[in-house]
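**Student:** Provided herewith is a single structure, encoded as structure tokens, for subsequent inquiry.
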Amino acid sequence: MISIRNLSKRYQNLIIFQNVNLEIDRGDAVAIIGPSGCGKSTLLRCINGLERPTEGEVWFDGMNLTNSKASLEKIRSRMGMVYQSFNLFSHLNVLENVMMAPMVVNHIPKQKAAQEALEYLKLVGLQNRSFHMPNQLSGGQKQRIAIARCLAMHPDVILFDEPTSALDPTMVDEVLGVIQRLIREKMTCVIVTHEMEFARKVSNKVVYMDEMGIYETGTPDQIFLSPCREKTQAFIHKLHVFEKNINEYNADIYSFMSEVRSYCSQYGFTSKQLNTINLIYEELIFPLIKNRGSQKEINFKLRSTSAGEKMEIFIADENASEDILLSSNIDEFGVKIIRASARKVSSTFIENKAVVHIEL
Ligand SMILES: Nc1ncnc2c1ncn2[C@@H]1O[C@H](COP(=O)(O)OP(=O)(O)OP(=O)(O)O)[C@@H](O)[C@H]1O
């Protein structure tokens, strides 16, 4: 239905995303998630032609939207958009807000437009507010009116741009409930959202954006239960990371431990865990650096979940083979103490680097 091909967007020298490819089929509910500022809303605006992509194409039912000959107005009427900020006409009542576009754009006679508008207001549970003005409604009600207004144009797909971000938390569910109903009724929906639980529950495709593009896509189970890539994992599990490249010039245990200590106190590490990190530095990292005899670095990464239930260390060395990291180059006794202090120690090879993984 919608095919996004090699789409890129830049503002002057600022690359927002590049080489985005995505297929959206009829009946899909696609959730677009990712950190703030990664370009989710910009991608949505490029899909419906509100924003012109720098490169690439968006195809909608066989029509190339990026081709200037395409009638954007005609296409937009089949592609509804619901914004964070509702965008209702403040001088029109609820019914008139919903009737407006069908009458003006599709030339539907007034009586028929009113009849249909009432149906859609009923669908979003607000038929008894038809003659209210927007300023008499709560945020959640305004957003449901915005959805009714969108439905009145009989769109083939609805793009939701953070539909609940501007709402008081008590009103989020009433709006998500309406969207969920549309999805159940097989309306094709693309939803940019920060509501992870909702995305997981209602979508059939999840797109995680990061690093100037689509970083990982999958089913909700793939993305939320077992994401493959590191940044997706960090985002989903709300991981905090402390990272440092250590070489022979900055291998100073006092400054290293002072940085680690301030990170650890922020994220609730125990003093026993802190002692283990100190030990790891002395018995594992420092001997490795000493034996390096070059300017090569060792990457140290401390990672923890926000709830503090998992705390891990990754030590990556691109020069060492897997076994060297944990045996021959370093003092066996030191490794034994580390093993005794940590929950789990293992080593693997990732992207040509030997990596020791220690769970504290
Ligand atoms: N007209 C513009 N000119 C320059 N930069 C822009 C413009 N519009 C957006 N940006 C930048 O593009 C980046 C992506 O913005 P966008 O709103 O698409 O991100 P987002 O992922 O939807 O963020 P959020 O989740 O916070 O809404 C941001 O850094 C933003 O500042």
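Residues in the structure tokens are numbered from 1 in each chain, the chains being A, B, ... in the order shown, and ligands are numbered from 1 in the order shown.
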Please identify every polymer residue within 6 Å of ligand 1, using only C-alpha atoms and all ligand atoms, and present the set as a PyMOL selection string.

**Tutor:** chain A and resi 11+16+36-42

**Student:** Those selected residues, please, written with C-alpha atoms and delivered as a tab-separated table (two decimals), in the first residue's frame.

**Tutor:**
```
chain	number	residue	atom	x	y	z
A	11	TYR	CA	18.01	20.32	6.64
A	16	ILE	CA	17.75	13.68	9.89
A	36	SER	CA	13.52	12.09	20.88
A	37	GLY	CA	14.74	13.92	17.79
A	38	CYS	CA	15.55	10.82	15.71
A	39	GLY	CA	13.21	11.92	12.93
A	40	LYS	CA	9.99	9.97	13.55
A	41	SER	CA	7.66	12.91	12.96
A	42	THR	CA	9.71	14.10	10.00
```

**Student:** Could you name the residues that touch segment 61-66 of chain A at 7 Å or less, counting only C-alpha atoms, but leaving out those on the same chain fewer than 4 positions away, as a list in words?

**Tutor:**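 Using only C-alpha atoms, the neighbours found are Met1, Ile2, Gly49, Glu57 and Ala70 of chain A.
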
**Student:** Pick out the closest residue to Leu44 of chain A from this set: A:Leu151, A:Leu288, A:Ile191, A:Ile24. Count only C-alpha atoms.

**Tutor:**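 That would be A:Ile191, the residue with the smallest distance to Leu44 of chain A.
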
**Student:** Skip Ile236 of chain A itself and residues of its chain fewer than 3 positions away, then list as a ChimeraX atom specification all residues within 9 Å of it, counting only C-alpha atoms.

**Tutor:** /A:196,223-225,227,231-233,239

**Student:** For the alpha helix (DSSP H) assignment from backbone DSSP, which residues of segment 59-262 of chain A qualify? Please present them as a ChimeraX atom specification.

**Tutor:** /A:72-78,94-104,110-123,139-151,169-184,196-202,220-225,230-236,253-262

**Student:** Print the selection's residues with C-alpha atoms to a file, as an mmCIF file, in the first residue's frame.

**Tutor:**
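The new file out-v5.cif reads:
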```
data_model
loop_
_atom_site.group_PDB
_atom_site.id
_atom_site.type_symbol
_atom_site.label_atom_id
_atom_site.label_comp_id
_atom_site.auth_asym_id
_atom_site.auth_seq_id
_atom_site.Cartn_x
_atom_site.Cartn_y
_atom_site.Cartn_z
ATOM 1 C CA LEU A 72 -1.064 15.929 -3.038
ATOM 2 C CA GLU A 73 -4.492 17.173 -2.039
ATOM 3 C CA LYS A 74 -6.184 14.126 -3.502
ATOM 4 C CA ILE A 75 -3.712 11.796 -1.872
ATOM 5 C CA ARG A 76 -3.879 13.534 1.489
ATOM 6 C CA SER A 77 -7.625 13.080 1.617
ATOM 7 C CA ARG A 78 -6.984 9.320 1.535
ATOM 8 C CA VAL A 94 -17.558 19.892 17.261
ATOM 9 C CA LEU A 95 -19.986 18.821 14.544
ATOM 10 C CA GLU A 96 -18.855 21.583 12.180
ATOM 11 C CA ASN A 97 -15.227 20.613 12.756
ATOM 12 C CA VAL A 98 -16.002 17.061 11.628
ATOM 13 C CA MET A 99 -18.214 18.139 8.680
ATOM 14 C CA MET A 100 -15.879 20.775 7.304
ATOM 15 C CA ALA A 101 -13.392 18.794 5.181
ATOM 16 C CA PRO A 102 -15.953 16.417 3.578
ATOM 17 C CA MET A 103 -18.017 19.450 2.509
ATOM 18 C CA VAL A 104 -15.129 21.617 1.306
ATOM 19 C CA LYS A 110 -24.350 19.562 4.179
ATOM 20 C CA GLN A 111 -27.048 17.184 5.439
ATOM 21 C CA LYS A 112 -25.148 14.063 4.435
ATOM 22 C CA ALA A 113 -21.932 15.459 5.914
ATOM 23 C CA ALA A 114 -23.756 16.137 9.217
ATOM 24 C CA GLN A 115 -25.252 12.655 9.255
ATOM 25 C CA GLU A 116 -21.886 11.026 8.697
ATOM 26 C CA ALA A 117 -20.183 13.312 11.189
ATOM 27 C CA LEU A 118 -22.634 12.176 13.867
ATOM 28 C CA GLU A 119 -21.805 8.553 13.083
ATOM 29 C CA TYR A 120 -18.108 9.185 13.577
ATOM 30 C CA LEU A 121 -18.715 11.179 16.724
ATOM 31 C CA LYS A 122 -20.651 8.181 18.015
ATOM 32 C CA LEU A 123 -17.745 5.908 17.129
ATOM 33 C CA GLY A 139 -7.601 17.279 25.750
ATOM 34 C CA GLY A 140 -8.641 13.643 25.387
ATOM 35 C CA GLN A 141 -12.016 14.664 23.958
ATOM 36 C CA LYS A 142 -10.371 17.102 21.532
ATOM 37 C CA GLN A 143 -8.111 14.348 20.292
ATOM 38 C CA ARG A 144 -11.069 11.990 19.810
ATOM 39 C CA ILE A 145 -12.806 14.727 17.778
ATOM 40 C CA ALA A 146 -9.654 15.069 15.697
ATOM 41 C CA ILE A 147 -9.828 11.328 15.014
ATOM 42 C CA ALA A 148 -13.532 11.575 14.073
ATOM 43 C CA ARG A 149 -12.693 14.461 11.737
ATOM 44 C CA CYS A 150 -10.040 12.339 10.108
ATOM 45 C CA LEU A 151 -12.388 9.338 9.722
ATOM 46 C CA PRO A 169 -1.922 11.071 31.734
ATOM 47 C CA THR A 170 -5.522 10.463 32.849
ATOM 48 C CA MET A 171 -6.712 11.042 29.267
ATOM 49 C CA VAL A 172 -4.222 8.893 27.418
ATOM 50 C CA ASP A 173 -6.237 5.687 27.676
ATOM 51 C CA GLU A 174 -9.448 7.085 26.180
ATOM 52 C CA VAL A 175 -7.540 8.117 23.038
ATOM 53 C CA LEU A 176 -5.515 4.905 22.828
ATOM 54 C CA GLY A 177 -8.776 2.978 23.212
ATOM 55 C CA VAL A 178 -10.215 4.645 20.106
ATOM 56 C CA ILE A 179 -7.049 3.969 18.099
ATOM 57 C CA GLN A 180 -7.050 0.362 19.259
ATOM 58 C CA ARG A 181 -10.624 -0.021 18.048
ATOM 59 C CA LEU A 182 -9.679 1.322 14.588
ATOM 60 C CA ILE A 183 -6.792 -1.124 14.420
ATOM 61 C CA ARG A 184 -9.071 -4.000 15.417
ATOM 62 C CA MET A 196 5.690 1.529 24.523
ATOM 63 C CA GLU A 197 3.071 -0.724 26.130
ATOM 64 C CA PHE A 198 0.496 0.460 23.617
ATOM 65 C CA ALA A 199 2.865 -0.031 20.655
ATOM 66 C CA ARG A 200 3.601 -3.522 21.861
ATOM 67 C CA LYS A 201 -0.045 -4.428 22.345
ATOM 68 C CA VAL A 202 -1.652 -3.100 19.177
ATOM 69 C CA PRO A 220 6.354 -6.387 18.648
ATOM 70 C CA ASP A 221 7.694 -9.576 20.268
ATOM 71 C CA GLN A 222 10.985 -9.329 18.385
ATOM 72 C CA ILE A 223 11.529 -5.676 19.237
ATOM 73 C CA PHE A 224 10.180 -5.612 22.797
ATOM 74 C CA LEU A 225 11.204 -9.064 24.031
ATOM 75 C CA GLU A 230 22.431 -2.766 20.970
ATOM 76 C CA LYS A 231 20.706 0.621 20.710
ATOM 77 C CA THR A 232 17.290 -1.010 20.454
ATOM 78 C CA GLN A 233 18.099 -3.038 23.564
ATOM 79 C CA ALA A 234 19.218 0.071 25.408
ATOM 80 C CA PHE A 235 16.065 1.946 24.407
ATOM 81 C CA ILE A 236 13.666 -0.874 25.215
ATOM 82 C CA ILE A 253 42.857 4.131 38.334
ATOM 83 C CA TYR A 254 42.054 7.122 40.546
ATOM 84 C CA SER A 255 40.422 9.201 37.853
ATOM 85 C CA PHE A 256 38.777 6.100 36.338
ATOM 86 C CA MET A 257 37.298 5.027 39.660
ATOM 87 C CA SER A 258 36.126 8.523 40.483
ATOM 88 C CA GLU A 259 34.147 8.646 37.199
ATOM 89 C CA VAL A 260 32.802 5.149 37.808
ATOM 90 C CA ARG A 261 31.874 6.012 41.397
ATOM 91 C CA SER A 262 29.755 8.988 40.369
#
```

**Student:** Give the answer as one residue: which of A:Glu297, A:Val20, A:Phe286, A:Ser138 has the shortest atom-to-atom distance to Leu126 of chain A, using only C-alpha atoms?

**Tutor:**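 Checking each candidate against Leu126 of chain A, we get A:Ser138 as the closest.
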
**Student:** For segment 314-319 of chain A, work out the shell of residues within 10 Å, counting only C-alpha atoms and skipping chain neighbours fewer than 3 positions away, then give it as a count of residues only.

**Tutor:** 34

**Student:** Which polymer residues have any atom within 8 Å of an atom of Asn19 of chain A, counting only C-alpha atoms, with same-chain residues fewer than 5 positions away left out, as a list in words?

**Tutor:**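 My list of contacting residues is Arg5, Asn6, Leu7, Ser8, Gly56 and Gly213 of chain A.
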
**Student:** Near segment 158-164 of chain A, within 6 Å and counting only C-alpha atoms, which residues show up once chain neighbours fewer than 4 positions away are dropped, as a ChimeraX atom specification?

**Tutor:** /A:79-84,172,189-193

**Student:** Quick one: pull the distance between atom CA of Gln18 of chain A and atom CA of Glu55 of chain A, Å, one decimal.

**Tutor:**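 Spanning atom CA of Gln18 of chain A to atom CA of Glu55 of chain A is a straight-line distance of 8.3 Å.
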
**Student:** Of the candidates A:Ile338, A:Ile15, A:Met153, A:Met187, which one gets nearest to Asn275 of chain A if we count only C-alpha atoms?

**Tutor:** A:Ile338

**Student:** What is the atom CA of Ile47 of chain A to atom CA of Val206 of chain A distance in Å?

**Tutor:**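 Pair atom CA of Ile47 of chain A / atom CA of Val206 of chain A returns 16.6 Å.
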
**Student:** Within segment 82-204 of chain A, find each residue whose DSSP state, derived from the backbone, is strand (DSSP E or B), and express the selection as number ranges by chain.

**Tutor:** A: 82, 157-161, 188-192

**Student:** Nearest residue to Asp252 of chain A out of A:Ser3, A:Gln136, A:Asn278, A:Ser304, using only C-alpha atoms?

**Tutor:**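 Checking each candidate against Asp252 of chain A, we get A:Asn278 as the closest.
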